[in-house]
Amino acid sequence: MTRTVISSATKEVVIGFDQPFVMIGERINPTGRKLLAAQMKEGDYSLVEQDALAQVAAGAQVLDVNAGIPLADEPKILADVIQLVQSITDVPLCIDSSIINALEAGLKVYKGRALVNSTTAEDEVMEQVLPLVKKYGAAVVAISNDETGISEDPDERFEIAKRIVERAADHGIKPEDIVVDPLVMPIGAISTAGRDVFHFIRRLRSELKVNTTCGASNIGFGLPNRHAINNAFLPMLASAGMTSAILNPLHEGLVPAIKAADMLNGVDPHCANWIKTYRQPPAEGQGRQRGRRGRRSA
Amino acid sequence: MSDEEEIILMDLNDDDLVAQIKDDLYDGLKDEVFEGVEILLERKWAANLILSDVLVEAMRIVGVDFRDGILFVPEVLQCAGAMKNGMGLLRPILAASDAQTSVGKYVIGTVKGDIHDIGKNLVGMMLEGAGFEVIDLGINNPVENYLEAIDKHKPDILGMSALLTTTMPYMGLVIEELDKRNILKELPVMVGGAPLNQEFSDAINAHSYGRDAAMSAELAKVIMGKNA
């Protein structure tokens, strides 16, 4: 059973085949968010704070932090944001940048075991990112493309993912610390994007035995009612064997859909998570409370 | 028996046929557009007239409805496919004539280190739809590729795309290189891609920033209008 363990100073989260699907909150990312980008650039992190708390409250077990703002001091902002978010929440973070100095600045200040987002199979990128991942004892997201682009053939992309896992091994990084991103393509441009990714995930799980993650919302690019597409897509991904995703937990219906998928996929024993989350509180003076034994002995 | 009468393109007069081809292109019907263009050619319509008054005009409507959220990406791709099919008939004729047929030449490519191309392809299709001759350099282009293409094709506009914060500064580098060679003042450069904004576009001295595919095609037409 593959288990990728990431942590904050006080909390551990396991991404794994036998675990509930890990929801990584995507909101702390200035790409396409003008106001957030402007604020972050000025060192004002009030929106970041709001986003962090709201996502955790909505059920995110991990938060992605990205500070990719054009013409800004990304390493400094990323490090600031990581320190801030770690001071107000206890969830582990996914440190997200395509700039190596920013990744290192983030890893330096991070408390716990981070998930680094990301490396590709491009030689130059692997040779920069993988040593850093090893040095800080982190886990890493591996994106299945190389210098030649993103292949439309999922089996070609499988070979590319395999190459990253092999190269990581050369750097002393175990396969269980690699979370492969199969790259979700827009279904509006490639009609087979959905079933291609399901096929790919099954292979990654059964043959390469690695955990997986993705930016799922890309699937609905250019289509109306994108939320509904995501709400169907995530449970389907989970069914195909995907073990985590970077998503917006604030979107209506998404978290319940994933929690239901956990239950149906058999990673929520006795439906305990589901019931705990959605049980209607009994009216005053009615019903017995479960879990009293624990309280009494405390 | 179907309630709808089957439309026989051949039986339509010119006006109705043109209207029907536009509708068919809007509906993304490849074969029907091809047949319509074929008939117009048989009726001795000039290829450049078919291009400008029928195909480009139909794509213009597609572009407007895409911008307004009435049409969506998969539909626009189908429309572009139908347009391409009709263009296939016209291209050899246009190539053989001297007539100025395209709105302008547009070289487009994703910059070095970046392998994303769906957005760029969409821009390319909208440009073709707007009547541009598009030379697509693909992904991962070093500055040499742009220079070579500019030298070879003498485009009216250069477009660059990047999807990563790490690769977008490369656009600035290409622009600097063009400036050094005195090409920049003659050649408007458009930039686009998810992480970009107007501020960045200004900072690297780009001529304009294409927020999305429809907007980019609009801007390109404006640029050509100004240059003309």
# chains A, B, ... in the order shown; residues from 1 in each chain; ligands from 1

$ closest_atom_pairs --of "region 71-168 of chain A" --to "region 195-210 of chain A" --cutoff "7 Å" --atoms "only C-alpha atoms" --output "JSON lines"
{"residue": "A:Pro154", "atom": "CA", "partner": "A:Phe200", "partner_atom": "CA", "distance": 5.5}
{"residue": "A:Asp155", "atom": "CA", "partner": "A:Phe200", "partner_atom": "CA", "distance": 6.9}
{"residue": "A:Phe158", "atom": "CA", "partner": "A:Phe200", "partner_atom": "CA", "distance": 6.7}

$ write_last_selection --atoms "N, CA and C atoms" --output "PDB file, in the first residue's frame"
ATOM      1  N   PRO A 154      -2.047   8.598 -23.398  1.00  0.00           N
ATOM      2  CA  PRO A 154      -1.807   8.373 -21.967  1.00  0.00           C
ATOM      3  C   PRO A 154      -0.700   7.351 -21.716  1.00  0.00           C
ATOM      4  N   ASP A 155      -0.503   6.435 -22.636  1.00  0.00           N
ATOM      5  CA  ASP A 155       0.549   5.441 -22.435  1.00  0.00           C
ATOM      6  C   ASP A 155       1.939   6.047 -22.617  1.00  0.00           C
ATOM      7  N   PHE A 158       2.556   7.774 -19.476  1.00  0.00           N
ATOM      8  CA  PHE A 158       2.935   6.807 -18.431  1.00  0.00           C
ATOM      9  C   PHE A 158       4.448   6.601 -18.437  1.00  0.00           C
TER      10      PHE A 158
END

$ interface_residues --of "chain B" --to "chain A" --cutoff "10 Å" --atoms "only C-alpha atoms" --output "JSON, numbers by chain"
{"B": [66, 69, 70, 71, 72, 73, 74, 75, 76, 77, 78, 112, 113, 114, 115, 116, 117, 118, 119, 122, 138, 139, 140, 164, 165, 166, 167, 168, 169, 194, 195, 196, 197, 199, 200, 201, 203]}

$ select_by_dssp --residues "region 87-139 of chain A" --states "helix (DSSP H, G or I)" --output "JSON, numbers by chain"
{"A": [87, 88, 100, 101, 102, 103, 104, 105, 106, 107, 108, 109, 123, 124, 125, 126, 127, 128, 129, 130, 131, 132, 133, 134, 135]}

$ write_last_selection --atoms "N, CA and C atoms" --output "tab-separated table (two decimals), in the first residue's frame"
chain	number	residue	atom	x	y	z
A	87	SER	N	0.93	29.69	10.62
A	87	SER	CA	0.65	30.25	11.94
A	87	SER	C	-0.84	30.25	12.25
A	88	ILE	N	-1.70	30.11	11.21
A	88	ILE	CA	-3.14	30.16	11.49
A	88	ILE	C	-3.87	28.85	11.22
A	100	ILE	N	12.73	27.81	-9.02
A	100	ILE	CA	13.47	26.98	-8.07
A	100	ILE	C	13.82	27.75	-6.80
A	101	ASN	N	14.20	29.02	-6.93
A	101	ASN	CA	14.54	29.82	-5.75
A	101	ASN	C	13.35	30.02	-4.83
A	102	ALA	N	12.18	30.11	-5.43
A	102	ALA	CA	10.97	30.27	-4.62
A	102	ALA	C	10.69	28.98	-3.86
A	103	LEU	N	10.86	27.84	-4.54
A	103	LEU	CA	10.65	26.55	-3.86
A	103	LEU	C	11.60	26.44	-2.67
A	104	GLU	N	12.85	26.79	-2.89
A	104	GLU	CA	13.82	26.66	-1.81
A	104	GLU	C	13.50	27.62	-0.67
A	105	ALA	N	13.14	28.87	-1.01
A	105	ALA	CA	12.77	29.84	0.03
A	105	ALA	C	11.60	29.32	0.85
A	106	GLY	N	10.65	28.69	0.16
A	106	GLY	CA	9.48	28.14	0.85
A	106	GLY	C	9.86	26.97	1.74
A	107	LEU	N	10.66	26.07	1.20
A	107	LEU	CA	11.05	24.88	1.97
A	107	LEU	C	11.85	25.26	3.21
A	108	LYS	N	12.66	26.31	3.09
A	108	LYS	CA	13.50	26.76	4.20
A	108	LYS	C	12.68	27.15	5.42
A	109	VAL	N	11.57	27.82	5.18
A	109	VAL	CA	10.79	28.31	6.33
A	109	VAL	C	9.69	27.34	6.74
A	123	ASP	N	14.78	17.44	-18.20
A	123	ASP	CA	16.05	17.18	-17.54
A	123	ASP	C	16.46	18.30	-16.60
A	124	GLU	N	16.42	19.51	-17.16
A	124	GLU	CA	16.85	20.68	-16.41
A	124	GLU	C	16.03	20.84	-15.13
A	125	VAL	N	14.73	20.65	-15.25
A	125	VAL	CA	13.84	20.83	-14.10
A	125	VAL	C	14.10	19.76	-13.06
A	126	MET	N	14.20	18.49	-13.50
A	126	MET	CA	14.43	17.39	-12.56
A	126	MET	C	15.73	17.60	-11.79
A	127	GLU	N	16.76	18.04	-12.50
A	127	GLU	CA	18.07	18.18	-11.86
A	127	GLU	C	18.12	19.35	-10.87
A	128	GLN	N	17.16	20.25	-10.97
A	128	GLN	CA	17.08	21.33	-9.97
A	128	GLN	C	16.16	20.96	-8.82
A	129	VAL	N	14.99	20.41	-9.17
A	129	VAL	CA	13.95	20.20	-8.15
A	129	VAL	C	14.25	18.97	-7.29
A	130	LEU	N	14.66	17.86	-7.91
A	130	LEU	CA	14.82	16.63	-7.14
A	130	LEU	C	15.86	16.73	-6.01
A	131	PRO	N	17.03	17.36	-6.27
A	131	PRO	CA	17.98	17.52	-5.15
A	131	PRO	C	17.39	18.32	-3.98
A	132	LEU	N	16.58	19.31	-4.33
A	132	LEU	CA	15.93	20.13	-3.30
A	132	LEU	C	14.94	19.30	-2.48
A	133	VAL	N	14.19	18.47	-3.17
A	133	VAL	CA	13.21	17.60	-2.51
A	133	VAL	C	13.94	16.67	-1.54
A	134	LYS	N	15.06	16.14	-2.01
A	134	LYS	CA	15.86	15.23	-1.18
A	134	LYS	C	16.42	15.97	0.03
A	135	LYS	N	16.98	17.14	-0.23
A	135	LYS	CA	17.63	17.92	0.82
A	135	LYS	C	16.67	18.23	1.96

$ atom_distance --atom1 "CA of Asn48 (chain B)" --atom2 "CA of Asp27 (chain B)"
22.6 Å

$ residues_around --residues "Ile246 (chain A)" --least-positions-apart "6" --cutoff "9 Å" --atoms "only C-alpha atoms" --output "VMD selection string"
chain A and resid 22 to 26 62 to 64 213 to 217

$ select_by_dssp --residues "region 10-220 of chain A" --states "strand (DSSP E or B)" --output "VMD selection string"
chain A and resid 12 to 16 22 to 28 62 to 66 93 to 96 113 115 to 119 139 to 143 146 149 178 to 181 211 to 212 215

$ write_last_selection --atoms "C-alpha atoms" --output "PDB file, in the first residue's frame"
ATOM      1  CA  GLU A  12       0.135  14.429   9.538  1.00  0.00           C
ATOM      2  CA  VAL A  13      -1.831  13.734   6.370  1.00  0.00           C
ATOM      3  CA  VAL A  14      -1.467  10.501   4.447  1.00  0.00           C
ATOM      4  CA  ILE A  15      -2.162  10.279   0.737  1.00  0.00           C
ATOM      5  CA  GLY A  16      -2.663   6.594   0.029  1.00  0.00           C
ATOM      6  CA  VAL A  22      -6.993  14.131  -0.025  1.00  0.00           C
ATOM      7  CA  MET A  23      -8.417  17.511  -0.993  1.00  0.00           C
ATOM      8  CA  ILE A  24      -5.703  20.103  -1.569  1.00  0.00           C
ATOM      9  CA  GLY A  25      -7.184  23.606  -1.499  1.00  0.00           C
ATOM     10  CA  GLU A  26      -6.221  25.586  -4.611  1.00  0.00           C
ATOM     11  CA  ARG A  27      -7.376  29.081  -3.670  1.00  0.00           C
ATOM     12  CA  ILE A  28      -4.084  30.603  -2.506  1.00  0.00           C
ATOM     13  CA  VAL A  62      -3.874  20.261   2.611  1.00  0.00           C
ATOM     14  CA  LEU A  63      -3.461  23.766   1.164  1.00  0.00           C
ATOM     15  CA  ASP A  64      -1.601  24.636  -1.994  1.00  0.00           C
ATOM     16  CA  VAL A  65       0.314  27.917  -1.785  1.00  0.00           C
ATOM     17  CA  ASN A  66       1.377  29.693  -4.947  1.00  0.00           C
ATOM     18  CA  LEU A  93       1.085  22.642   2.660  1.00  0.00           C
ATOM     19  CA  CYS A  94       1.816  22.019  -0.961  1.00  0.00           C
ATOM     20  CA  ILE A  95       4.512  24.501  -2.015  1.00  0.00           C
ATOM     21  CA  ASP A  96       3.703  25.491  -5.568  1.00  0.00           C
ATOM     22  CA  ARG A 113       7.182  17.668   5.584  1.00  0.00           C
ATOM     23  CA  LEU A 115       4.653  18.465  -0.789  1.00  0.00           C
ATOM     24  CA  VAL A 116       6.659  20.246  -3.484  1.00  0.00           C
ATOM     25  CA  ASN A 117       4.692  21.226  -6.577  1.00  0.00           C
ATOM     26  CA  SER A 118       6.340  20.315  -8.935  1.00  0.00           C
ATOM     27  CA  THR A 119       8.869  18.719 -11.226  1.00  0.00           C
ATOM     28  CA  ALA A 139       7.466  14.713  -1.190  1.00  0.00           C
ATOM     29  CA  VAL A 140       7.042  15.913  -4.760  1.00  0.00           C
ATOM     30  CA  VAL A 141       4.394  16.238  -7.437  1.00  0.00           C
ATOM     31  CA  ALA A 142       5.640  14.845 -10.759  1.00  0.00           C
ATOM     32  CA  ILE A 143       3.994  16.231 -13.881  1.00  0.00           C
ATOM     33  CA  ASP A 146       8.860  16.542 -20.915  1.00  0.00           C
ATOM     34  CA  GLY A 149       5.305  18.698 -24.793  1.00  0.00           C
ATOM     35  CA  ILE A 178       6.227  10.941  -5.630  1.00  0.00           C
ATOM     36  CA  VAL A 179       2.696  11.994  -6.433  1.00  0.00           C
ATOM     37  CA  VAL A 180       2.143  11.870 -10.180  1.00  0.00           C
ATOM     38  CA  ASP A 181       0.023  14.507 -11.889  1.00  0.00           C
ATOM     39  CA  ASN A 211      -0.103   8.215  -5.605  1.00  0.00           C
ATOM     40  CA  THR A 212      -1.700  10.704  -7.913  1.00  0.00           C
ATOM     41  CA  GLY A 215      -5.644  20.163 -11.085  1.00  0.00           C
TER      42      GLY A 215
END

$ closest_residue --among "A:Ala283, A:Leu36, A:Ile229, A:Ile275" --to "Met263 (chain A)" --atoms "only C-alpha atoms"
A:Ile275

$ residues_around --residues "Leu55 (chain B)" --least-positions-apart "6" --cutoff "8 Å" --atoms "only C-alpha atoms" --output "list in words"
Lys22, Leu25, Met83, Gly86 and Gly129 of chain B

$ residues_around --residues "Glu42 (chain A)" --least-positions-apart "4" --cutoff "10 Å" --atoms "only C-alpha atoms" --output "CSV table (one decimal) with N, CA and C atoms, in the first residue's frame"
chain,number,residue,atom,x,y,z
A,36,LEU,N,-6.2,39.5,-5.4
A,36,LEU,CA,-5.3,38.7,-4.6
A,36,LEU,C,-3.8,39.0,-5.0
A,37,ALA,N,-3.6,39.0,-6.4
A,37,ALA,CA,-2.3,39.3,-6.9
A,37,ALA,C,-1.8,40.7,-6.4
A,38,ALA,N,-2.6,41.7,-6.5
A,38,ALA,CA,-2.2,43.0,-6.2
A,38,ALA,C,-1.9,43.1,-4.7
A,72,ALA,N,7.1,40.2,-9.5
A,72,ALA,CA,7.1,40.3,-8.0
A,72,ALA,C,8.2,39.5,-7.5
A,77,ILE,N,7.6,36.4,-1.2
A,77,ILE,CA,6.2,36.4,-1.0
A,77,ILE,C,5.8,34.9,-0.6

$ residues_around --residues "Lys120 (chain B)" --least-positions-apart "6" --cutoff "10 Å" --atoms "only C-alpha atoms" --output "JSON, numbers by chain"
{"B": [108, 109, 110, 126, 136, 138, 139, 159, 160, 161, 162, 163, 192, 193, 212, 213]}

$ residues_around --residues "Phe233 (chain A)" --least-positions-apart "2" --cutoff "9 Å" --atoms "only C-alpha atoms" --output "PyMOL selection string"
chain A and resi 194+216-217+219+228-231+235-238

$ decode --residues "region 63-89 of chain A" --atoms "N, CA and C atoms" --output "tab-separated table (two decimals), in the first residue's frame"
chain	number	residue	atom	x	y	z
A	63	LEU	N	-3.28	22.55	1.95
A	63	LEU	CA	-3.46	23.77	1.16
A	63	LEU	C	-2.30	23.95	0.21
A	64	ASP	N	-2.62	24.28	-1.02
A	64	ASP	CA	-1.60	24.64	-1.99
A	64	ASP	C	-1.31	26.13	-1.82
A	65	VAL	N	-0.03	26.49	-1.83
A	65	VAL	CA	0.31	27.92	-1.78
A	65	VAL	C	1.18	28.27	-2.99
A	66	ASN	N	0.72	29.26	-3.73
A	66	ASN	CA	1.38	29.69	-4.95
A	66	ASN	C	1.49	31.21	-4.90
A	67	ALA	N	2.66	31.73	-5.25
A	67	ALA	CA	2.84	33.19	-5.24
A	67	ALA	C	3.36	33.66	-6.59
A	68	GLY	N	2.92	33.01	-7.65
A	68	GLY	CA	3.39	33.34	-9.00
A	68	GLY	C	2.78	34.62	-9.52
A	69	ILE	N	3.36	35.74	-9.15
A	69	ILE	CA	2.85	37.04	-9.59
A	69	ILE	C	3.91	37.66	-10.51
A	70	PRO	N	3.47	38.10	-11.71
A	70	PRO	CA	4.43	38.69	-12.62
A	70	PRO	C	5.17	39.86	-11.96
A	71	LEU	N	6.47	39.94	-12.17
A	71	LEU	CA	7.29	41.06	-11.72
A	71	LEU	C	7.29	41.26	-10.21
A	72	ALA	N	7.10	40.19	-9.47
A	72	ALA	CA	7.12	40.33	-8.01
A	72	ALA	C	8.25	39.46	-7.45
A	73	ASP	N	8.58	39.68	-6.19
A	73	ASP	CA	9.63	38.91	-5.53
A	73	ASP	C	9.01	37.60	-5.03
A	74	GLU	N	8.90	36.65	-5.96
A	74	GLU	CA	8.16	35.42	-5.64
A	74	GLU	C	8.75	34.65	-4.46
A	75	PRO	N	10.08	34.48	-4.38
A	75	PRO	CA	10.61	33.73	-3.24
A	75	PRO	C	10.21	34.33	-1.89
A	76	LYS	N	10.30	35.64	-1.77
A	76	LYS	CA	9.96	36.29	-0.50
A	76	LYS	C	8.47	36.15	-0.20
A	77	ILE	N	7.63	36.42	-1.20
A	77	ILE	CA	6.19	36.36	-0.96
A	77	ILE	C	5.78	34.94	-0.60
A	78	LEU	N	6.34	33.97	-1.30
A	78	LEU	CA	5.98	32.58	-1.02
A	78	LEU	C	6.36	32.21	0.41
A	79	ALA	N	7.58	32.60	0.83
A	79	ALA	CA	8.03	32.29	2.20
A	79	ALA	C	7.13	32.98	3.22
A	80	ASP	N	6.79	34.25	2.96
A	80	ASP	CA	5.88	34.98	3.86
A	80	ASP	C	4.55	34.27	4.01
A	81	VAL	N	4.00	33.89	2.85
A	81	VAL	CA	2.67	33.29	2.86
A	81	VAL	C	2.69	31.95	3.61
A	82	ILE	N	3.75	31.17	3.39
A	82	ILE	CA	3.86	29.88	4.07
A	82	ILE	C	3.89	30.08	5.58
A	83	GLN	N	4.71	31.05	6.03
A	83	GLN	CA	4.80	31.29	7.47
A	83	GLN	C	3.45	31.75	8.03
A	84	LEU	N	2.80	32.62	7.28
A	84	LEU	CA	1.50	33.11	7.73
A	84	LEU	C	0.48	31.96	7.83
A	85	VAL	N	0.39	31.18	6.76
A	85	VAL	CA	-0.62	30.12	6.74
A	85	VAL	C	-0.33	29.09	7.83
A	86	GLN	N	0.95	28.79	8.03
A	86	GLN	CA	1.28	27.82	9.08
A	86	GLN	C	0.99	28.36	10.48
A	87	SER	N	0.93	29.69	10.62
A	87	SER	CA	0.65	30.25	11.94
A	87	SER	C	-0.84	30.25	12.25
A	88	ILE	N	-1.70	30.11	11.21
A	88	ILE	CA	-3.14	30.16	11.49
A	88	ILE	C	-3.87	28.85	11.22
A	89	THR	N	-3.21	27.88	10.55
A	89	THR	CA	-3.86	26.58	10.36
A	89	THR	C	-2.84	25.49	10.69
